[in-house]
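**Student:** File start.cif follows (mmCIF, C-alpha atoms):
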```
data_input
loop_
_atom_site.group_PDB
_atom_site.id
_atom_site.type_symbol
_atom_site.label_atom_id
_atom_site.label_comp_id
_atom_site.auth_asym_id
_atom_site.auth_seq_id
_atom_site.Cartn_x
_atom_site.Cartn_y
_atom_site.Cartn_z
ATOM 1 C CA PHE A 218 0.366 -11.533 -17.725
ATOM 2 C CA ARG A 219 -2.091 -14.298 -18.528
ATOM 3 C CA SER A 220 -0.827 -17.553 -17.021
ATOM 4 C CA ALA A 221 2.244 -19.592 -16.038
ATOM 5 C CA LYS A 222 2.744 -20.256 -19.755
ATOM 6 C CA ASP A 223 4.100 -16.693 -20.026
ATOM 7 C CA TYR A 224 7.161 -17.573 -17.943
ATOM 8 C CA ALA A 225 8.929 -19.130 -20.930
ATOM 9 C CA GLU A 226 8.563 -15.958 -23.006
ATOM 10 C CA ILE A 227 9.460 -13.739 -20.031
ATOM 11 C CA SER A 228 12.643 -15.781 -19.610
ATOM 12 C CA ARG A 229 13.517 -15.386 -23.303
ATOM 13 C CA VAL A 230 12.958 -11.605 -23.261
ATOM 14 C CA MET A 231 14.905 -11.098 -20.016
ATOM 15 C CA ASN A 232 17.880 -13.119 -21.220
ATOM 16 C CA ALA A 233 18.074 -11.291 -24.561
ATOM 17 C CA SER A 234 17.740 -7.903 -22.862
ATOM 18 C CA TRP A 235 20.372 -8.643 -20.210
ATOM 19 C CA LYS A 236 22.810 -9.805 -22.859
ATOM 20 C CA ALA A 237 22.381 -6.538 -24.752
ATOM 21 C CA ASP A 238 22.984 -4.618 -21.519
ATOM 22 C CA HIS A 239 26.280 -6.450 -20.749
ATOM 23 C CA VAL A 240 24.816 -8.687 -18.037
ATOM 24 C CA LYS A 241 26.166 -12.232 -18.247
ATOM 25 C CA TRP A 242 23.215 -13.852 -16.556
ATOM 26 C CA SER A 243 20.229 -15.897 -17.603
ATOM 27 C CA GLN A 244 17.084 -17.352 -16.089
ATOM 28 C CA THR A 245 15.054 -20.397 -17.072
ATOM 29 C CA PRO A 246 11.235 -20.314 -16.935
ATOM 30 C CA LYS A 247 11.505 -22.329 -13.704
ATOM 31 C CA ASP A 248 13.851 -19.723 -12.205
ATOM 32 C CA VAL A 249 11.425 -16.922 -13.044
ATOM 33 C CA LYS A 250 8.483 -18.758 -11.502
ATOM 34 C CA LEU A 251 10.353 -19.686 -8.313
ATOM 35 C CA TYR A 252 11.750 -16.181 -7.824
ATOM 36 C CA TYR A 253 8.377 -14.468 -7.928
ATOM 37 C CA HIS A 254 6.614 -17.279 -6.090
ATOM 38 C CA ARG A 255 8.705 -16.373 -3.035
ATOM 39 C CA MET A 256 7.634 -12.716 -3.106
ATOM 40 C CA LYS A 257 5.049 -12.096 -0.394
ATOM 41 C CA GLY A 258 1.945 -10.508 -1.875
ATOM 42 C CA PHE A 259 3.273 -10.628 -5.444
ATOM 43 C CA ASP A 260 0.469 -11.020 -7.982
ATOM 44 C CA PRO A 261 1.929 -11.475 -11.495
ATOM 45 C CA LYS A 262 -1.351 -10.371 -13.100
ATOM 46 C CA ARG A 263 -1.018 -6.978 -11.402
ATOM 47 C CA CYS A 264 2.763 -6.611 -11.203
ATOM 48 C CA PHE A 265 3.928 -7.852 -14.615
ATOM 49 C CA PHE A 266 3.459 -5.727 -17.729
ATOM 50 C CA ILE A 267 3.961 -7.404 -21.097
ATOM 51 C CA ALA A 268 4.351 -5.979 -24.582
ATOM 52 C CA GLU A 269 3.568 -8.121 -27.638
ATOM 53 C CA VAL A 270 3.776 -7.595 -31.374
ATOM 54 C CA LYS A 271 1.692 -9.988 -33.497
ATOM 55 C CA GLY A 272 1.415 -12.399 -30.581
ATOM 56 C CA ARG A 273 5.141 -12.492 -29.773
ATOM 57 C CA MET A 274 6.480 -10.968 -26.568
ATOM 58 C CA THR A 275 8.906 -8.098 -27.211
ATOM 59 C CA GLY A 276 9.277 -6.628 -23.728
ATOM 60 C CA CYS A 277 8.196 -6.820 -20.110
ATOM 61 C CA SER A 278 8.465 -4.878 -16.895
ATOM 62 C CA TYR A 279 7.622 -5.775 -13.325
ATOM 63 C CA ILE A 280 7.510 -4.408 -9.815
ATOM 64 C CA THR A 281 8.224 -6.129 -6.485
ATOM 65 C CA TRP A 282 8.497 -4.608 -3.035
ATOM 66 C CA ARG A 283 9.937 -5.347 0.369
ATOM 67 C CA THR A 284 10.408 -3.730 3.774
ATOM 68 C CA LYS A 285 14.023 -2.992 4.681
ATOM 69 C CA PRO A 286 15.405 -3.545 8.212
ATOM 70 C CA ASP A 287 15.163 0.212 8.885
ATOM 71 C CA GLY A 288 11.454 0.195 7.989
ATOM 72 C CA ALA A 289 11.859 1.782 4.542
ATOM 73 C CA ARG A 290 9.793 0.414 1.641
ATOM 74 C CA GLU A 291 11.758 -0.528 -1.457
ATOM 75 C CA TYR A 292 9.921 -0.893 -4.776
ATOM 76 C CA SER A 293 12.194 -2.778 -7.167
ATOM 77 C CA LEU A 294 11.527 -2.645 -10.889
ATOM 78 C CA GLN A 295 12.993 -3.648 -14.219
ATOM 79 C CA SER A 296 12.035 -2.940 -17.828
ATOM 80 C CA GLN A 297 13.399 -5.457 -20.327
ATOM 81 C CA VAL A 298 13.083 -5.208 -24.111
ATOM 82 C CA VAL A 299 14.587 -7.378 -26.856
ATOM 83 C CA PRO A 300 17.315 -5.584 -28.881
ATOM 84 C CA GLU A 301 15.307 -5.296 -32.112
ATOM 85 C CA TRP A 302 12.602 -3.251 -30.351
ATOM 86 C CA ARG A 303 14.888 -0.779 -28.629
ATOM 87 C CA GLY A 304 14.845 2.849 -29.646
ATOM 88 C CA THR A 305 11.089 2.710 -30.240
ATOM 89 C CA GLY A 306 9.993 4.129 -26.881
ATOM 90 C CA LEU A 307 8.757 0.697 -25.755
ATOM 91 C CA ARG A 308 11.206 0.370 -22.881
ATOM 92 C CA GLU A 309 10.339 3.830 -21.607
ATOM 93 C CA ALA A 310 6.610 3.032 -21.738
ATOM 94 C CA LEU A 311 7.091 -0.226 -19.813
ATOM 95 C CA LEU A 312 9.154 1.634 -17.203
ATOM 96 C CA ASP A 313 6.323 4.188 -16.876
ATOM 97 C CA LEU A 314 3.860 1.380 -16.157
ATOM 98 C CA ALA A 315 6.089 -0.148 -13.480
ATOM 99 C CA GLU A 316 6.731 3.225 -11.833
ATOM 100 C CA ASP A 317 3.022 4.088 -11.809
ATOM 101 C CA ARG A 318 2.218 0.722 -10.231
ATOM 102 C CA ALA A 319 4.890 1.366 -7.565
ATOM 103 C CA ARG A 320 3.413 4.778 -6.767
ATOM 104 C CA GLY A 321 -0.026 3.241 -6.396
ATOM 105 C CA LEU A 322 1.313 0.688 -3.934
ATOM 106 C CA ALA A 323 3.303 3.334 -2.048
ATOM 107 C CA ASN A 324 0.171 5.413 -1.540
ATOM 108 C CA ARG A 325 -1.341 2.501 0.394
ATOM 109 C CA HIS A 326 1.798 1.593 2.360
ATOM 110 C CA SER A 327 2.991 3.337 5.518
ATOM 111 C CA ALA A 328 6.768 3.717 5.828
ATOM 112 C CA PRO A 329 9.286 6.371 6.915
ATOM 113 C CA ARG A 330 10.858 6.285 3.448
ATOM 114 C CA LYS A 331 9.672 4.930 0.113
ATOM 115 C CA TYR A 332 11.845 4.668 -2.966
ATOM 116 C CA LEU A 333 12.103 3.088 -6.395
ATOM 117 C CA ASP A 334 14.992 0.709 -6.874
ATOM 118 C CA SER A 335 16.674 -0.999 -9.809
ATOM 119 C CA TRP A 336 20.042 -2.373 -10.822
ATOM 120 C CA ALA A 337 22.220 -2.286 -13.938
ATOM 121 C CA SER A 338 25.662 -3.188 -15.144
ATOM 122 C CA PHE A 339 27.963 -0.251 -14.416
ATOM 123 C CA ASP A 340 29.419 -0.557 -17.905
ATOM 124 C CA GLU A 341 27.778 1.831 -20.372
ATOM 125 C CA ASN A 342 24.488 0.348 -21.553
ATOM 126 C CA GLU A 343 20.959 1.424 -22.451
ATOM 127 C CA TRP A 344 19.301 0.489 -19.160
ATOM 128 C CA LYS A 345 21.879 2.358 -17.053
ATOM 129 C CA THR A 346 21.492 5.416 -19.287
ATOM 130 C CA LEU A 347 17.687 5.284 -19.045
ATOM 131 C CA LEU A 348 17.698 5.046 -15.256
ATOM 132 C CA GLU A 349 20.080 7.970 -14.912
ATOM 133 C CA SER A 350 18.011 10.059 -17.334
ATOM 134 C CA ARG A 351 14.949 9.413 -15.143
ATOM 135 C CA GLY A 352 16.636 10.771 -12.013
ATOM 136 C CA TYR A 353 17.839 7.528 -10.449
ATOM 137 C CA THR A 354 21.189 7.730 -8.647
ATOM 138 C CA ALA A 355 23.632 4.917 -7.870
ATOM 139 C CA GLU A 356 23.354 4.320 -4.111
ATOM 140 C CA SER A 357 25.344 1.091 -3.803
ATOM 141 C CA HIS A 358 27.639 -1.116 -5.821
ATOM 142 C CA MET A 359 28.041 -4.885 -6.098
ATOM 143 C CA LEU A 360 31.126 -6.600 -7.461
ATOM 144 C CA ASN A 361 31.361 -10.043 -9.006
ATOM 145 C CA MET A 362 34.782 -11.373 -8.043
ATOM 146 C CA LEU A 363 36.758 -14.312 -9.389
ATOM 147 C CA ASN A 364 39.666 -16.398 -8.126
ATOM 148 C CA THR A 365 41.306 -18.603 -10.774
ATOM 149 C CA HIS A 366 44.353 -19.518 -8.676
ATOM 150 C CA LEU A 367 42.934 -22.616 -7.040
ATOM 151 C CA GLU A 368 46.225 -24.465 -7.399
ATOM 152 C CA GLU A 369 47.777 -22.007 -4.943
ATOM 153 C CA ALA A 370 45.183 -22.564 -2.199
ATOM 154 C CA ARG A 371 46.512 -23.759 1.149
ATOM 155 C CA PRO A 372 44.467 -24.519 4.285
ATOM 156 C CA LEU A 373 44.542 -21.751 6.868
ATOM 157 C CA PRO A 374 44.202 -22.749 10.551
ATOM 158 C CA LEU A 375 40.975 -22.556 12.504
ATOM 159 C CA PRO A 376 41.035 -21.264 16.106
ATOM 160 C CA PRO A 377 41.324 -23.873 18.873
ATOM 161 C CA GLY A 378 38.014 -25.600 19.548
ATOM 162 C CA ILE A 379 36.555 -24.779 16.112
ATOM 163 C CA GLU A 380 36.135 -27.596 13.594
ATOM 164 C CA VAL A 381 34.635 -28.280 10.163
ATOM 165 C CA ARG A 382 32.293 -31.259 9.920
ATOM 166 C CA ARG A 383 30.478 -33.106 7.169
ATOM 167 C CA VAL A 384 27.049 -31.524 6.614
ATOM 168 C CA GLU A 385 24.160 -33.874 7.383
ATOM 169 C CA PRO A 386 20.433 -33.321 6.658
ATOM 170 C CA GLU A 387 19.724 -32.692 10.339
ATOM 171 C CA HIS A 388 22.106 -29.707 10.154
ATOM 172 C CA TYR A 389 20.291 -27.842 7.371
ATOM 173 C CA ARG A 390 17.926 -25.898 9.631
ATOM 174 C CA LYS A 391 20.629 -24.937 12.122
ATOM 175 C CA ILE A 392 22.933 -23.724 9.317
ATOM 176 C CA TRP A 393 20.061 -21.740 7.770
ATOM 177 C CA ASN A 394 19.240 -20.039 11.078
ATOM 178 C CA ALA A 395 22.880 -19.252 11.834
ATOM 179 C CA SER A 396 23.491 -17.706 8.420
ATOM 180 C CA LYS A 397 20.280 -15.662 8.696
ATOM 181 C CA GLU A 398 21.400 -14.303 12.057
ATOM 182 C CA ALA A 399 24.894 -13.445 10.842
ATOM 183 C CA LEU A 400 23.808 -11.856 7.553
ATOM 184 C CA ARG A 401 21.019 -9.721 9.038
ATOM 185 C CA GLU A 402 23.276 -6.638 9.151
ATOM 186 C CA GLU A 403 24.169 -6.894 5.453
ATOM 187 C CA PRO A 404 22.970 -3.885 3.408
ATOM 188 C CA ASN A 405 20.756 -6.036 1.137
ATOM 189 C CA PHE A 406 19.269 -8.242 3.856
ATOM 190 C CA SER A 407 15.511 -8.819 3.612
ATOM 191 C CA ASP A 408 13.295 -11.033 5.780
ATOM 192 C CA GLN A 409 11.422 -12.033 2.606
ATOM 193 C CA ALA A 410 14.499 -13.966 1.485
ATOM 194 C CA TRP A 411 14.475 -16.012 4.721
ATOM 195 C CA THR A 412 10.887 -17.211 4.978
ATOM 196 C CA GLU A 413 9.865 -20.821 5.494
ATOM 197 C CA SER A 414 9.002 -20.977 1.791
ATOM 198 C CA ALA A 415 12.483 -19.685 0.935
ATOM 199 C CA PHE A 416 14.027 -22.407 3.115
ATOM 200 C CA ARG A 417 12.115 -25.114 1.249
ATOM 201 C CA ASP A 418 13.029 -23.611 -2.133
ATOM 202 C CA HIS A 419 16.660 -23.432 -1.022
ATOM 203 C CA MET A 420 16.729 -27.185 -0.449
ATOM 204 C CA LYS A 421 14.982 -27.911 -3.776
ATOM 205 C CA ALA A 422 17.247 -25.685 -5.872
ATOM 206 C CA ASP A 423 19.531 -27.168 -8.514
ATOM 207 C CA THR A 424 22.433 -25.429 -6.764
ATOM 208 C CA PHE A 425 21.804 -27.049 -3.353
ATOM 209 C CA SER A 426 25.176 -28.724 -2.686
ATOM 210 C CA PRO A 427 25.698 -29.341 1.059
ATOM 211 C CA HIS A 428 28.454 -31.847 0.314
ATOM 212 C CA MET A 429 30.580 -28.902 -0.853
ATOM 213 C CA TRP A 430 29.797 -26.517 2.001
ATOM 214 C CA GLN A 431 32.375 -25.617 4.611
ATOM 215 C CA ILE A 432 30.647 -25.128 7.963
ATOM 216 C CA ALA A 433 32.496 -24.309 11.186
ATOM 217 C CA TRP A 434 31.264 -25.589 14.556
ATOM 218 C CA ASP A 435 32.019 -24.786 18.180
ATOM 219 C CA GLY A 436 30.513 -27.753 19.985
ATOM 220 C CA ASP A 437 26.877 -27.851 18.865
ATOM 221 C CA GLN A 438 26.928 -24.220 17.682
ATOM 222 C CA VAL A 439 27.228 -23.291 14.002
ATOM 223 C CA VAL A 440 29.665 -20.359 14.027
ATOM 224 C CA GLY A 441 30.339 -19.725 10.330
ATOM 225 C CA GLY A 442 30.159 -21.110 6.852
ATOM 226 C CA VAL A 443 30.710 -20.875 3.108
ATOM 227 C CA HIS A 444 28.083 -22.237 0.716
ATOM 228 C CA ASN A 445 29.869 -23.617 -2.344
ATOM 229 C CA PHE A 446 27.896 -24.617 -5.437
ATOM 230 C CA LEU A 447 28.136 -24.821 -9.212
ATOM 231 C CA ASP A 448 25.431 -22.745 -10.911
ATOM 232 C CA PRO A 449 24.502 -24.032 -14.397
ATOM 233 C CA HIS A 450 23.717 -20.431 -15.417
ATOM 234 C CA ASP A 451 27.314 -19.419 -14.728
ATOM 235 C CA VAL A 452 28.628 -22.322 -16.799
ATOM 236 C CA GLU A 453 26.394 -21.255 -19.677
ATOM 237 C CA ALA A 454 27.252 -17.551 -19.340
ATOM 238 C CA PHE A 455 31.006 -17.833 -18.926
ATOM 239 C CA GLY A 456 31.813 -21.183 -20.535
ATOM 240 C CA LYS A 457 33.898 -22.146 -17.489
ATOM 241 C CA ARG A 458 33.455 -24.362 -14.442
ATOM 242 C CA TRP A 459 33.570 -21.414 -12.079
ATOM 243 C CA CYS A 460 31.967 -22.388 -8.787
ATOM 244 C CA ARG A 461 30.188 -19.996 -6.416
ATOM 245 C CA THR A 462 31.556 -19.404 -2.892
ATOM 246 C CA GLU A 463 28.597 -17.495 -1.481
ATOM 247 C CA ARG A 464 26.683 -16.773 1.716
ATOM 248 C CA ILE A 465 29.957 -16.403 3.594
ATOM 249 C CA PHE A 466 29.168 -15.711 7.234
ATOM 250 C CA VAL A 467 30.564 -15.743 10.767
ATOM 251 C CA ARG A 468 28.353 -15.101 13.785
ATOM 252 C CA LYS A 469 29.306 -12.123 15.933
ATOM 253 C CA PRO A 470 30.799 -13.890 18.999
ATOM 254 C CA TRP A 471 33.296 -15.693 16.751
ATOM 255 C CA ARG A 472 34.399 -12.857 14.478
ATOM 256 C CA ARG A 473 37.940 -11.476 14.116
ATOM 257 C CA LYS A 474 39.409 -14.931 14.759
ATOM 258 C CA GLY A 475 40.333 -15.879 11.177
ATOM 259 C CA ILE A 476 37.373 -18.234 10.729
ATOM 260 C CA ALA A 477 36.173 -16.720 7.449
ATOM 261 C CA SER A 478 39.671 -16.892 5.932
ATOM 262 C CA ALA A 479 40.070 -20.499 7.042
ATOM 263 C CA LEU A 480 36.703 -21.531 5.585
ATOM 264 C CA ILE A 481 37.379 -19.764 2.282
ATOM 265 C CA SER A 482 40.791 -21.426 2.004
ATOM 266 C CA ARG A 483 39.206 -24.827 2.573
ATOM 267 C CA SER A 484 36.511 -24.010 0.022
ATOM 268 C CA LEU A 485 39.104 -23.231 -2.633
ATOM 269 C CA ILE A 486 40.724 -26.611 -1.979
ATOM 270 C CA VAL A 487 37.337 -28.381 -2.240
ATOM 271 C CA LEU A 488 36.754 -26.697 -5.600
ATOM 272 C CA ARG A 489 40.210 -27.630 -6.840
ATOM 273 C CA GLU A 490 39.642 -31.266 -5.891
ATOM 274 C CA ALA A 491 36.287 -31.153 -7.713
ATOM 275 C CA LYS A 492 38.125 -30.052 -10.896
ATOM 276 C CA MET A 493 36.630 -26.551 -10.880
ATOM 277 C CA GLU A 494 38.385 -23.811 -12.838
ATOM 278 C CA GLY A 495 37.724 -20.924 -10.480
ATOM 279 C CA ALA A 496 35.730 -19.521 -7.562
ATOM 280 C CA MET A 497 33.261 -16.633 -7.809
ATOM 281 C CA LEU A 498 31.398 -14.505 -5.297
ATOM 282 C CA MET A 499 29.349 -11.321 -5.104
ATOM 283 C CA VAL A 500 30.172 -8.622 -2.562
ATOM 284 C CA ASP A 501 28.654 -5.279 -1.614
ATOM 285 C CA VAL A 502 31.319 -2.568 -1.762
ATOM 286 C CA ASN A 503 29.888 -1.113 1.479
ATOM 287 C CA ASN A 504 29.769 -4.429 3.341
ATOM 288 C CA PRO A 505 30.136 -3.487 7.050
ATOM 289 C CA SER A 506 32.522 -6.378 7.749
ATOM 290 C CA LYS A 507 35.029 -5.100 5.153
ATOM 291 C CA ALA A 508 34.520 -8.301 3.169
ATOM 292 C CA LEU A 509 35.981 -6.793 -0.012
ATOM 293 C CA LYS A 510 39.375 -6.425 1.660
ATOM 294 C CA LEU A 511 39.253 -10.043 2.863
ATOM 295 C CA TYR A 512 38.276 -11.453 -0.525
ATOM 296 C CA THR A 513 41.014 -9.497 -2.273
ATOM 297 C CA LYS A 514 43.514 -10.893 0.231
ATOM 298 C CA MET A 515 42.231 -14.404 -0.543
ATOM 299 C CA GLY A 516 43.013 -13.988 -4.250
ATOM 300 C CA TYR A 517 39.696 -12.790 -5.695
ATOM 301 C CA GLU A 518 39.707 -10.093 -8.378
ATOM 302 C CA VAL A 519 36.845 -7.922 -9.692
ATOM 303 C CA PHE A 520 35.539 -8.838 -13.126
ATOM 304 C CA GLU A 521 31.961 -7.429 -13.110
ATOM 305 C CA HIS A 522 30.539 -4.263 -11.563
ATOM 306 C CA PHE A 523 26.835 -3.622 -10.893
ATOM 307 C CA ALA A 524 25.125 -0.540 -9.467
ATOM 308 C CA PHE A 525 21.872 -0.340 -7.516
ATOM 309 C CA TYR A 526 19.908 2.788 -8.361
ATOM 310 C CA ARG A 527 17.303 4.590 -6.274
ATOM 311 C CA LYS A 528 14.804 7.396 -6.672
ATOM 312 C CA ASP A 529 12.830 8.679 -3.741
ATOM 313 C CA ILE A 530 9.084 8.436 -4.393
ATOM 314 C CA VAL A 531 8.204 11.307 -2.048
ATOM 315 C CA GLN A 532 10.651 13.676 -3.719
ATOM 316 C CA GLU A 533 9.383 12.632 -7.136
ATOM 317 C CA ASN A 534 5.739 13.266 -6.207
ATOM 318 C CA ARG A 535 6.628 16.708 -4.901
ATOM 319 C CA GLY A 536 8.356 17.458 -8.166
ATOM 320 C CA ARG A 537 5.237 16.429 -10.093
ATOM 321 C CA ALA A 538 3.118 18.681 -7.885
ATOM 322 C CA ARG A 539 5.372 21.658 -8.602
ATOM 323 C CA ARG A 540 5.162 21.000 -12.355
ATOM 324 C CA ARG A 541 1.348 20.890 -12.228
ATOM 325 C CA LYS A 542 1.291 24.308 -10.537
#
```
Would you write out, as structure tokens, the structure that this file holds?

**Tutor:**
Amino acid sequence: FRSAKDYAEISRVMNASWKADHVKWSQTPKDVKLYYHRMKGFDPKRCFFIAEVKGRMTGCSYITWRTKPDGAREYSLQSQVVPEWRGTGLREALLDLAEDRARGLANRHSAPRKYLDSWASFDENEWKTLLESRGYTAESHMLNMLNTHLEEARPLPLPPGIEVRRVEPEHYRKIWNASKEALREEPNFSDQAWTESAFRDHMKADTFSPHMWQIAWDGDQVVGGVHNFLDPHDVEAFGKRWCRTERIFVRKPWRRKGIASALISRSLIVLREAKMEGAMLMVDVNNPSKALKLYTKMGYEVFEHFAFYRKDIVQENRGRARRRK
């Protein structure tokens, strides 16, 4: 990695590689820069590895890390290569570089558990096959769900004393704090995603659409919400005006009262009135609040399946020691 000028080529390589691996997602150079800018301690010159042929980027890999709520250290990596350079050993070499960098970091970090982490489409593809061949195992699964029956949406009642109000700028911080509190027990929660810098980036994002949010209040307390927004990447990937209904939360004292269902139903109506063609969301199969069951009940159906793979660094190092003997 040389400078911010590399972000454009990194974006091109990532998008081409994802497409070949059945991932309907894309990132602009701005997306790439913002994502890594938020990573505490991330130095692109030390954590990005780039392959070039005659001055043109053909592949890249990278490593980021975070501390999980249980104290474990997670070292997330990806190795992306354009289709025409697959089968040459390039992707494997870039993965080696990322893994070696992760091991070097892990040797300096103190944590009860340290592991390598990556994700892939669960459909058969080269990246999934490579991870599995390297000893990674699928530890969790994420589903992309879609509801295209917006015309059938009807408002479900909120409990007495709970109301939905128009979101004003002075509410942004309170909504942010309430959602952070409620989502802390989610399997993929990370404090790094809720820093002050992340809050500012959240408000500057192209997808920031508070006029579409559905936020429930009990007096001056934010009790739950659904963040609705249209992501230009989704429009490009799927060719449809499918809007996101994400960051669905209800704070603990107000759970099991039908608030989430009521807010989702209102969100579907908002999307219908905005001439959207469907509603999408991502859910962890092992979500502790049994969100998958709720979303299915609300008319969402699975249309993409992703797996998160892990490999324990300690176990791997022991295996290397045995081989050296």

**Student:** Which one is closest to A:Glu343: A:Pro329, A:Pro372, A:Gly378, A:Gly304? Count all atoms listed in the file.

**Tutor:** A:Gly304

**Student:** Which polymer residues have any atom within 12 Å of an atom of A:Ala310, counting all atoms listed in the file, with same-chain residues fewer than 3 positions away left out, as a PyMOL selection string?

**Tutor:** chain A and resi 266-268+276-278+295-298+303-307+313-317+347

**Student:** Just to be explicit: take each residue in the selection above, keep C-alpha atoms, and write the result as a tab-separated table (two decimals), in the frame of the given file.

**Tutor:**
```tsv
chain	number	residue	atom	x	y	z
A	266	PHE	CA	3.46	-5.73	-17.73
A	267	ILE	CA	3.96	-7.40	-21.10
A	268	ALA	CA	4.35	-5.98	-24.58
A	276	GLY	CA	9.28	-6.63	-23.73
A	277	CYS	CA	8.20	-6.82	-20.11
A	278	SER	CA	8.46	-4.88	-16.90
A	295	GLN	CA	12.99	-3.65	-14.22
A	296	SER	CA	12.04	-2.94	-17.83
A	297	GLN	CA	13.40	-5.46	-20.33
A	298	VAL	CA	13.08	-5.21	-24.11
A	303	ARG	CA	14.89	-0.78	-28.63
A	304	GLY	CA	14.84	2.85	-29.65
A	305	THR	CA	11.09	2.71	-30.24
A	306	GLY	CA	9.99	4.13	-26.88
A	307	LEU	CA	8.76	0.70	-25.76
A	313	ASP	CA	6.32	4.19	-16.88
A	314	LEU	CA	3.86	1.38	-16.16
A	315	ALA	CA	6.09	-0.15	-13.48
A	316	GLU	CA	6.73	3.22	-11.83
A	317	ASP	CA	3.02	4.09	-11.81
A	347	LEU	CA	17.69	5.28	-19.05
```

**Student:** Can you work out which one of A:Asp501, A:Asp529, A:Glu402, A:Glu380 has the shortest atom-to-atom distance to A:Arg468, counting all atoms listed in the file?

**Tutor:**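 Closest to A:Arg468 of all the choices is A:Glu402.
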
**Student:** For each of A:Glu269, A:Glu349, A:Glu341, A:Glu463, take the minimum atom-to-atom distance to A:Ala237, counting all atoms listed in the file, then give the residue where this is smallest.

**Tutor:** A:Glu341

**Student:** Fewer than 4 positions away in the same chain doesn't count, so skip those; otherwise give me all residues within 9 Å of stretch 407-423 of chain A, counting all atoms listed in the file, as a PDB file with C-alpha atoms, in the coordinates of the input.

**Tutor:**
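What follows is the written file selection_35.pdb:
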```pdb
ATOM      1  CA  LEU A 251      10.353 -19.686  -8.313  1.00  0.00           C
ATOM      2  CA  ARG A 255       8.705 -16.373  -3.035  1.00  0.00           C
ATOM      3  CA  MET A 256       7.634 -12.716  -3.106  1.00  0.00           C
ATOM      4  CA  LYS A 257       5.049 -12.096  -0.394  1.00  0.00           C
ATOM      5  CA  ARG A 283       9.937  -5.347   0.369  1.00  0.00           C
ATOM      6  CA  THR A 284      10.408  -3.730   3.774  1.00  0.00           C
ATOM      7  CA  LYS A 285      14.023  -2.992   4.681  1.00  0.00           C
ATOM      8  CA  PRO A 286      15.405  -3.545   8.212  1.00  0.00           C
ATOM      9  CA  TYR A 389      20.291 -27.842   7.371  1.00  0.00           C
ATOM     10  CA  ARG A 390      17.926 -25.898   9.631  1.00  0.00           C
ATOM     11  CA  TRP A 393      20.061 -21.740   7.770  1.00  0.00           C
ATOM     12  CA  ASN A 394      19.240 -20.039  11.078  1.00  0.00           C
ATOM     13  CA  LYS A 397      20.280 -15.662   8.696  1.00  0.00           C
ATOM     14  CA  ARG A 401      21.019  -9.721   9.038  1.00  0.00           C
ATOM     15  CA  LEU A 447      28.136 -24.821  -9.212  1.00  0.00           C
ATOM     16  CA  ASP A 448      25.431 -22.745 -10.911  1.00  0.00           C
ATOM     17  CA  PRO A 449      24.502 -24.032 -14.397  1.00  0.00           C
TER      18      PRO A 449
END
```

**Student:** Pick the closest to A:Ser357 from A:Pro386, A:Gly441, A:Pro404, A:Pro374: which is it, counting all atoms listed in the file?

**Tutor:** A:Pro404

**Student:** Just to confirm, what's the straight-line distance from atom CA of A:Gly321 to atom CA of A:Tyr279 in Å (one decimal)?

**Tutor:**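 According to the coordinates, atom CA of A:Gly321 and atom CA of A:Tyr279 are separated by 13.7 Å.
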